[in-house]
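Engineer: The structure file protein27.pdb (PDB, C-alpha atoms) is provided below.
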ATOM      1  CA  MET D   1     109.860  92.337  82.979
ATOM      2  CA  PRO D   2     107.500  95.272  82.324
ATOM      3  CA  LYS D   3     107.249  96.603  78.819
ATOM      4  CA  VAL D   4     107.941 100.278  78.194
ATOM      5  CA  ASN D   5     106.976 102.349  75.205
ATOM      6  CA  LEU D   6     109.211 105.365  74.816
ATOM      7  CA  THR D   7     108.829 107.921  72.080
ATOM      8  CA  HIS D   8     111.734 108.600  69.713
ATOM      9  CA  PHE D   9     112.515 111.729  71.670
ATOM     10  CA  GLU D  10     112.451 110.043  75.096
ATOM     11  CA  ALA D  11     114.573 107.116  73.902
ATOM     12  CA  ALA D  12     117.125 109.433  72.274
ATOM     13  CA  LEU D  13     117.305 111.625  75.403
ATOM     14  CA  LEU D  14     117.798 108.588  77.638
ATOM     15  CA  PHE D  15     120.498 107.250  75.310
ATOM     16  CA  SER D  16     122.227 110.660  75.299
ATOM     17  CA  PHE D  17     122.146 110.933  79.083
ATOM     18  CA  LEU D  18     123.544 107.457  79.774
ATOM     19  CA  THR D  19     126.176 107.606  77.020
ATOM     20  CA  SER D  20     127.349 111.032  78.243
ATOM     21  CA  ILE D  21     127.910 109.597  81.732
ATOM     22  CA  VAL D  22     130.132 106.785  80.435
ATOM     23  CA  LEU D  23     132.060 109.025  78.025
ATOM     24  CA  ALA D  24     132.702 111.534  80.811
ATOM     25  CA  VAL D  25     133.861 108.830  83.253
ATOM     26  CA  VAL D  26     136.279 107.100  80.872
ATOM     27  CA  THR D  27     137.792 110.070  79.051
ATOM     28  CA  LYS D  28     138.538 112.671  81.728
ATOM     29  CA  ARG D  29     140.912 112.597  84.658
ATOM     30  CA  SER D  30     139.381 114.882  87.277
ATOM     31  CA  ASP D  31     135.844 115.025  88.659
ATOM     32  CA  ARG D  32     135.386 118.614  87.545
ATOM     33  CA  ASP D  33     136.457 117.767  83.986
ATOM     34  CA  ARG D  34     134.096 114.783  84.014
ATOM     35  CA  ILE D  35     131.100 116.907  85.002
ATOM     36  CA  VAL D  36     131.916 119.573  82.405
ATOM     37  CA  TYR D  37     132.532 117.019  79.658
ATOM     38  CA  GLY D  38     129.397 115.036  80.549
ATOM     39  CA  LEU D  39     127.262 118.181  80.252
ATOM     40  CA  TYR D  40     129.084 119.168  77.064
ATOM     41  CA  CYS D  41     128.445 115.753  75.476
ATOM     42  CA  PHE D  42     124.820 115.726  76.553
ATOM     43  CA  GLY D  43     124.329 119.249  75.180
ATOM     44  CA  TRP D  44     125.741 118.270  71.796
ATOM     45  CA  PHE D  45     123.626 115.119  71.704
ATOM     46  CA  VAL D  46     120.520 117.271  72.254
ATOM     47  CA  VAL D  47     121.627 119.821  69.634
ATOM     48  CA  ALA D  48     122.210 116.989  67.132
ATOM     49  CA  LEU D  49     118.854 115.460  68.063
ATOM     50  CA  PHE D  50     116.961 118.669  67.290
ATOM     51  CA  GLY D  51     119.134 119.431  64.248
ATOM     52  CA  LEU D  52     118.641 116.013  62.673
ATOM     53  CA  GLY D  53     114.962 116.063  63.626
ATOM     54  CA  TRP D  54     114.432 119.347  61.789
ATOM     55  CA  LEU D  55     116.558 118.165  58.856
ATOM     56  CA  MET D  56     114.400 115.052  58.448
ATOM     57  CA  HIS D  57     111.244 117.125  58.865
ATOM     58  CA  ILE D  58     112.315 119.562  56.147
ATOM     59  CA  ALA D  59     113.643 116.821  53.843
ATOM     60  CA  HIS D  60     110.456 114.835  54.218
ATOM     61  CA  GLY D  61     108.405 117.834  53.115
TER      62      GLY D  61
ATOM     63  CA  MET W   1     163.650 116.149  56.900
ATOM     64  CA  SER W   2     161.135 115.884  59.703
ATOM     65  CA  SER W   3     162.326 116.963  63.135
ATOM     66  CA  LYS W   4     159.608 114.925  64.826
ATOM     67  CA  ARG W   5     160.817 111.785  66.435
ATOM     68  CA  LYS W   6     158.539 108.836  66.968
ATOM     69  CA  ALA W   7     157.992 108.138  70.677
ATOM     70  CA  PRO W   8     159.307 104.709  71.671
ATOM     71  CA  LYS W   9     156.531 102.169  72.090
ATOM     72  CA  GLU W  10     155.839 101.381  75.731
ATOM     73  CA  PRO W  11     156.055  97.694  76.618
ATOM     74  CA  MET W  12     152.750  96.087  77.488
ATOM     75  CA  PRO W  13     152.351  95.421  81.226
ATOM     76  CA  PRO W  14     152.129  91.760  82.275
ATOM     77  CA  LEU W  15     148.741  90.038  82.095
ATOM     78  CA  SER W  16     148.781  89.444  85.866
ATOM     79  CA  VAL W  17     148.514  93.219  86.413
ATOM     80  CA  TRP W  18     145.465  93.934  84.259
ATOM     81  CA  GLY W  19     143.895  90.534  83.522
ATOM     82  CA  LEU W  20     141.603  90.310  86.551
ATOM     83  CA  PRO W  21     140.316  93.923  86.492
ATOM     84  CA  VAL W  22     139.569  93.704  82.760
ATOM     85  CA  ALA W  23     137.861  90.305  83.119
ATOM     86  CA  LEU W  24     135.789  91.614  86.034
ATOM     87  CA  ALA W  25     134.988  94.781  84.054
ATOM     88  CA  TRP W  26     133.528  92.576  81.311
ATOM     89  CA  PHE W  27     131.670  90.298  83.715
ATOM     90  CA  VAL W  28     130.068  93.065  85.823
ATOM     91  CA  PRO W  29     129.827  96.583  84.367
ATOM     92  CA  GLY W  30     131.972  98.789  86.610
ATOM     93  CA  GLY W  31     133.438  95.721  88.350
ATOM     94  CA  GLY W  32     136.989  96.449  87.199
ATOM     95  CA  HIS W  33     136.842  99.960  88.633
ATOM     96  CA  PHE W  34     135.402  98.581  91.864
ATOM     97  CA  LEU W  35     138.305  96.129  92.156
ATOM     98  CA  LEU W  36     140.726  98.995  91.561
ATOM     99  CA  LYS W  37     139.005 100.968  94.353
ATOM    100  CA  ARG W  38     137.494 103.624  92.044
ATOM    101  CA  TYR W  39     134.115 103.245  93.741
ATOM    102  CA  GLY W  40     132.479 106.435  92.438
ATOM    103  CA  ARG W  41     133.352 105.716  88.837
ATOM    104  CA  ALA W  42     132.361 102.060  89.279
ATOM    105  CA  GLY W  43     128.930 103.110  90.534
ATOM    106  CA  LEU W  44     128.386 105.522  87.636
ATOM    107  CA  LEU W  45     129.415 102.921  85.055
ATOM    108  CA  LEU W  46     127.235 100.237  86.641
ATOM    109  CA  PHE W  47     124.265 102.623  86.723
ATOM    110  CA  ALA W  48     124.617 103.874  83.135
ATOM    111  CA  ILE W  49     125.322 100.512  81.497
ATOM    112  CA  LEU W  50     122.791  98.509  83.506
ATOM    113  CA  VAL W  51     120.000 101.069  83.017
ATOM    114  CA  MET W  52     120.654 101.103  79.274
ATOM    115  CA  PHE W  53     120.633  97.293  79.166
ATOM    116  CA  LEU W  54     117.417  97.054  81.225
ATOM    117  CA  PHE W  55     115.651  99.617  79.050
ATOM    118  CA  GLY W  56     116.762  97.583  76.033
ATOM    119  CA  LEU W  57     115.057  94.539  77.546
ATOM    120  CA  MET W  58     111.944  96.497  78.578
ATOM    121  CA  MET W  59     111.617  97.853  75.047
ATOM    122  CA  ARG W  60     111.774  94.221  73.902
ATOM    123  CA  GLY W  61     114.984  94.632  71.948
ATOM    124  CA  GLU W  62     116.436  91.660  70.104
ATOM    125  CA  PHE W  63     119.705  89.904  70.967
ATOM    126  CA  LEU W  64     121.492  89.740  67.625
ATOM    127  CA  LYS W  65     122.843  86.345  66.598
ATOM    128  CA  PRO W  66     125.772  85.741  64.218
ATOM    129  CA  GLN W  67     124.439  85.566  60.699
ATOM    130  CA  GLY W  68     126.084  85.142  57.304
ATOM    131  CA  GLY W  69     125.234  86.948  54.089
ATOM    132  CA  ASP W  70     126.549  90.093  52.472
ATOM    133  CA  LEU W  71     129.290  92.098  54.160
ATOM    134  CA  LEU W  72     126.949  94.568  55.853
ATOM    135  CA  THR W  73     124.799  91.771  57.298
ATOM    136  CA  VAL W  74     127.895  89.995  58.639
ATOM    137  CA  ILE W  75     129.210  93.207  60.241
ATOM    138  CA  ILE W  76     125.858  94.101  61.814
ATOM    139  CA  TYR W  77     124.982  90.659  63.142
ATOM    140  CA  TYR W  78     128.452  89.458  64.215
ATOM    141  CA  GLY W  79     129.275  92.896  65.620
ATOM    142  CA  GLY W  80     125.904  93.114  67.355
ATOM    143  CA  PHE W  81     126.364  89.648  68.849
ATOM    144  CA  LEU W  82     129.832  90.530  70.174
ATOM    145  CA  ALA W  83     128.504  93.807  71.601
ATOM    146  CA  ASN W  84     125.678  91.927  73.320
ATOM    147  CA  VAL W  85     128.146  89.450  74.833
ATOM    148  CA  ALA W  86     130.262  92.418  76.017
ATOM    149  CA  ASN W  87     127.456  93.227  78.476
ATOM    150  CA  GLY W  88     128.758  90.359  80.613
ATOM    151  CA  VAL W  89     126.612  88.926  83.381
ATOM    152  CA  PRO W  90     123.403  90.874  82.528
ATOM    153  CA  TYR W  91     123.472  89.276  79.055
ATOM    154  CA  LEU W  92     124.243  85.838  80.469
ATOM    155  CA  ILE W  93     121.403  86.062  83.023
ATOM    156  CA  ALA W  94     118.892  87.291  80.430
ATOM    157  CA  THR W  95     119.862  84.472  78.068
ATOM    158  CA  TRP W  96     119.819  81.922  80.872
ATOM    159  CA  LEU W  97     116.315  83.041  81.907
ATOM    160  CA  GLY W  98     115.193  82.454  78.346
ATOM    161  CA  TYR W  99     114.865  86.019  77.056
ATOM    162  CA  SER W 100     114.360  85.691  73.342
ATOM    163  CA  GLN W 101     112.697  88.417  71.370
ATOM    164  CA  PRO W 102     112.046  87.929  67.673
ATOM    165  CA  ASP W 103     112.852  90.768  65.292
ATOM    166  CA  VAL W 104     109.575  92.623  64.874
ATOM    167  CA  ALA W 105     108.816  95.851  63.088
ATOM    168  CA  GLY W 106     108.467  98.961  65.218
ATOM    169  CA  ALA W 107     110.538 101.876  66.428
ATOM    170  CA  VAL W 108     110.426 100.859  70.106
ATOM    171  CA  HIS W 109     111.775  97.339  69.461
ATOM    172  CA  ASP W 110     114.404  98.798  67.191
ATOM    173  CA  TYR W 111     115.512 101.248  69.867
ATOM    174  CA  GLY W 112     115.596  98.347  72.334
ATOM    175  CA  THR W 113     117.952  96.387  70.081
ATOM    176  CA  LYS W 114     120.210  99.436  69.747
ATOM    177  CA  PHE W 115     120.178  99.984  73.518
ATOM    178  CA  LEU W 116     121.314  96.392  74.117
ATOM    179  CA  VAL W 117     124.170  96.770  71.624
ATOM    180  CA  ALA W 118     125.148 100.242  72.875
ATOM    181  CA  ALA W 119     125.253  99.038  76.500
ATOM    182  CA  GLY W 120     127.781  96.382  75.463
ATOM    183  CA  LEU W 121     129.887  98.915  73.571
ATOM    184  CA  LEU W 122     129.896 101.248  76.580
ATOM    185  CA  ASN W 123     131.063  98.311  78.686
ATOM    186  CA  VAL W 124     133.954  97.824  76.241
ATOM    187  CA  LEU W 125     134.950 101.459  76.943
ATOM    188  CA  ALA W 126     134.759 100.701  80.679
ATOM    189  CA  MET W 127     137.018  97.651  80.137
ATOM    190  CA  VAL W 128     139.594  99.763  78.284
ATOM    191  CA  ASP W 129     139.494 102.333  81.096
ATOM    192  CA  ALA W 130     139.967  99.587  83.708
ATOM    193  CA  TYR W 131     142.974  98.350  81.710
ATOM    194  CA  GLU W 132     144.526 101.829  81.640
ATOM    195  CA  ILE W 133     144.053 102.272  85.387
ATOM    196  CA  ALA W 134     145.433  98.807  86.197
ATOM    197  CA  ALA W 135     148.412  99.362  83.878
ATOM    198  CA  GLY W 136     149.213 102.669  85.588
ATOM    199  CA  LYS W 137     148.541 104.780  82.500
ATOM    200  CA  LYS W 138     145.745 106.640  84.270
ATOM    201  CA  SER W 139     144.868 107.387  87.891
TER     202      SER W 139
END
Have the structure of the file written as structure tokens, please.

Structural biologist:
Amino acid sequence: MPKVNLTHFEAALLFSFLTSIVLAVVTKRSDRDRIVYGLYCFGWFVVALFGLGWLMHIAHG
Amino acid sequence: MSSKRKAPKEPMPPLSVWGLPVALAWFVPGGGHFLLKRYGRAGLLLFAILVMFLFGLMMRGEFLKPQGGDLLTVIIYYGGFLANVANGVPYLIATWLGYSQPDVAGAVHDYGTKFLVAAGLLNVLAMVDAYEIAAGKKS
């Protein structure tokens, strides 16, 4: 099994992408709703990622 | 006085209706949906959960083992172990092939451990969804 070294950002993006797929599949009832909700979830993951990143950057000084 | 009336609790469907899809959903991610002929959703679940699990292995994440101690330790290690087992056959194969990664310091390993746990938790969501479809609560 090859070893991969992802950065924090890459790992968090990959996590967001895959989790959004599953959340969209299991929570919505039509394909259109699934696509919209998947993109919505992914968007919020990315917003939270940047928000928390900046928060930690500012808090760290 | 409240005008809201509590909805009567629906009886649970018999085990024979949902037992096999839920068991298959645990064993193979997306397997329950496949059995219930939701092929598109099955493929998406298999892809997302398996890719997350494989990245967890490739980042050399640790399989958590049950461990006693203070409450937080018990929750993290027992919960993590159960979440790892919830991955089903990918976890069983990795264990059978001797995958054993010690807990080492480093962000990548730590992410790997979280990926392995998260993949199992996503599979639990897939199992619940398979149950709802099999029980007729969802199409």

Engineer: Return the neighbours of chain D among the residues of chain W, cut-off 6 Å, counting all atoms listed in the file, as a count of residues only.

Structural biologist: 4

Engineer: How many Å separate CA of Leu125 in chain W from CA of Asp70 in chain W?

Structural biologist: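 So the two atoms, CA of Leu125 in chain W and CA of Asp70 in chain W, lie 28.3 Å apart.
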
Engineer: Can you pull out every residue within 12 Å of Leu116 in chain W, counting only C-alpha atoms, but drop anything in the same chain fewer than 5 positions away, and send it as an MDAnalysis selection string?

Structural biologist: (chainID D and resid 15) or (chainID W and resid 49:64 80:88 90:91 94 109:111 121:123)

Engineer: Kindly give the distance, in Å, that separates CA of Val108 in chain W and CA of Leu72 in chain W, rounded to a single decimal.

Structural biologist: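 Computing it gives 22.7 Å between the two atoms.
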
Engineer: For the file shown, what are the residues hit by the PyMOL selection byres ((chain W and resi 21) around 9), laid out as an mmCIF file with C-alpha atoms, in the frame of the given file?

Structural biologist:
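Result went into part-v4.cif, see below:
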data_model
loop_
_atom_site.group_PDB
_atom_site.id
_atom_site.type_symbol
_atom_site.label_atom_id
_atom_site.label_comp_id
_atom_site.auth_asym_id
_atom_site.auth_seq_id
_atom_site.Cartn_x
_atom_site.Cartn_y
_atom_site.Cartn_z
ATOM 1 C CA VAL W 17 148.514 93.219 86.413
ATOM 2 C CA TRP W 18 145.465 93.934 84.259
ATOM 3 C CA GLY W 19 143.895 90.534 83.522
ATOM 4 C CA LEU W 20 141.603 90.310 86.551
ATOM 5 C CA VAL W 22 139.569 93.704 82.760
ATOM 6 C CA ALA W 23 137.861 90.305 83.119
ATOM 7 C CA LEU W 24 135.789 91.614 86.034
ATOM 8 C CA ALA W 25 134.988 94.781 84.054
ATOM 9 C CA TRP W 26 133.528 92.576 81.311
ATOM 10 C CA GLY W 31 133.438 95.721 88.350
ATOM 11 C CA GLY W 32 136.989 96.449 87.199
ATOM 12 C CA HIS W 33 136.842 99.960 88.633
ATOM 13 C CA PHE W 34 135.402 98.581 91.864
ATOM 14 C CA LEU W 35 138.305 96.129 92.156
ATOM 15 C CA LEU W 36 140.726 98.995 91.561
ATOM 16 C CA MET W 127 137.018 97.651 80.137
ATOM 17 C CA ALA W 130 139.967 99.587 83.708
ATOM 18 C CA TYR W 131 142.974 98.350 81.710
ATOM 19 C CA ALA W 134 145.433 98.807 86.197
#

Engineer: Could you spell out the hits of the PyMOL selection byres ((chain D and resi 49) around 12) on the shown file, as a list in words?

Structural biologist: His8, Phe9, Glu10, Ala11, Ala12, Leu13, Leu14, Phe15, Ser16, Phe42, Gly43, Trp44, Phe45, Val46, Val47, Ala48, Phe50, Gly51, Leu52, Gly53, Trp54, Leu55 and Met56 of chain D

Engineer: In Å to one decimal, how far is CA of Gln67 in chain W from CA of Asp103 in chain W?

Structural biologist: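 Result for CA of Asp103 in chain W versus CA of Gln67 in chain W: 13.5 Å, one decimal.
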
Engineer: Around range 53-61 of chain D, fit a box with edges along x, y and z, padding it by 8 Å on each side, then list its centre and edge lengths in Å to one decimal as AutoDock Vina command-line options.

Structural biologist:
--center_x 112.5 --center_y 117.2 --center_z 58.4 --size_x 24.2 --size_y 20.7 --size_z 26.5
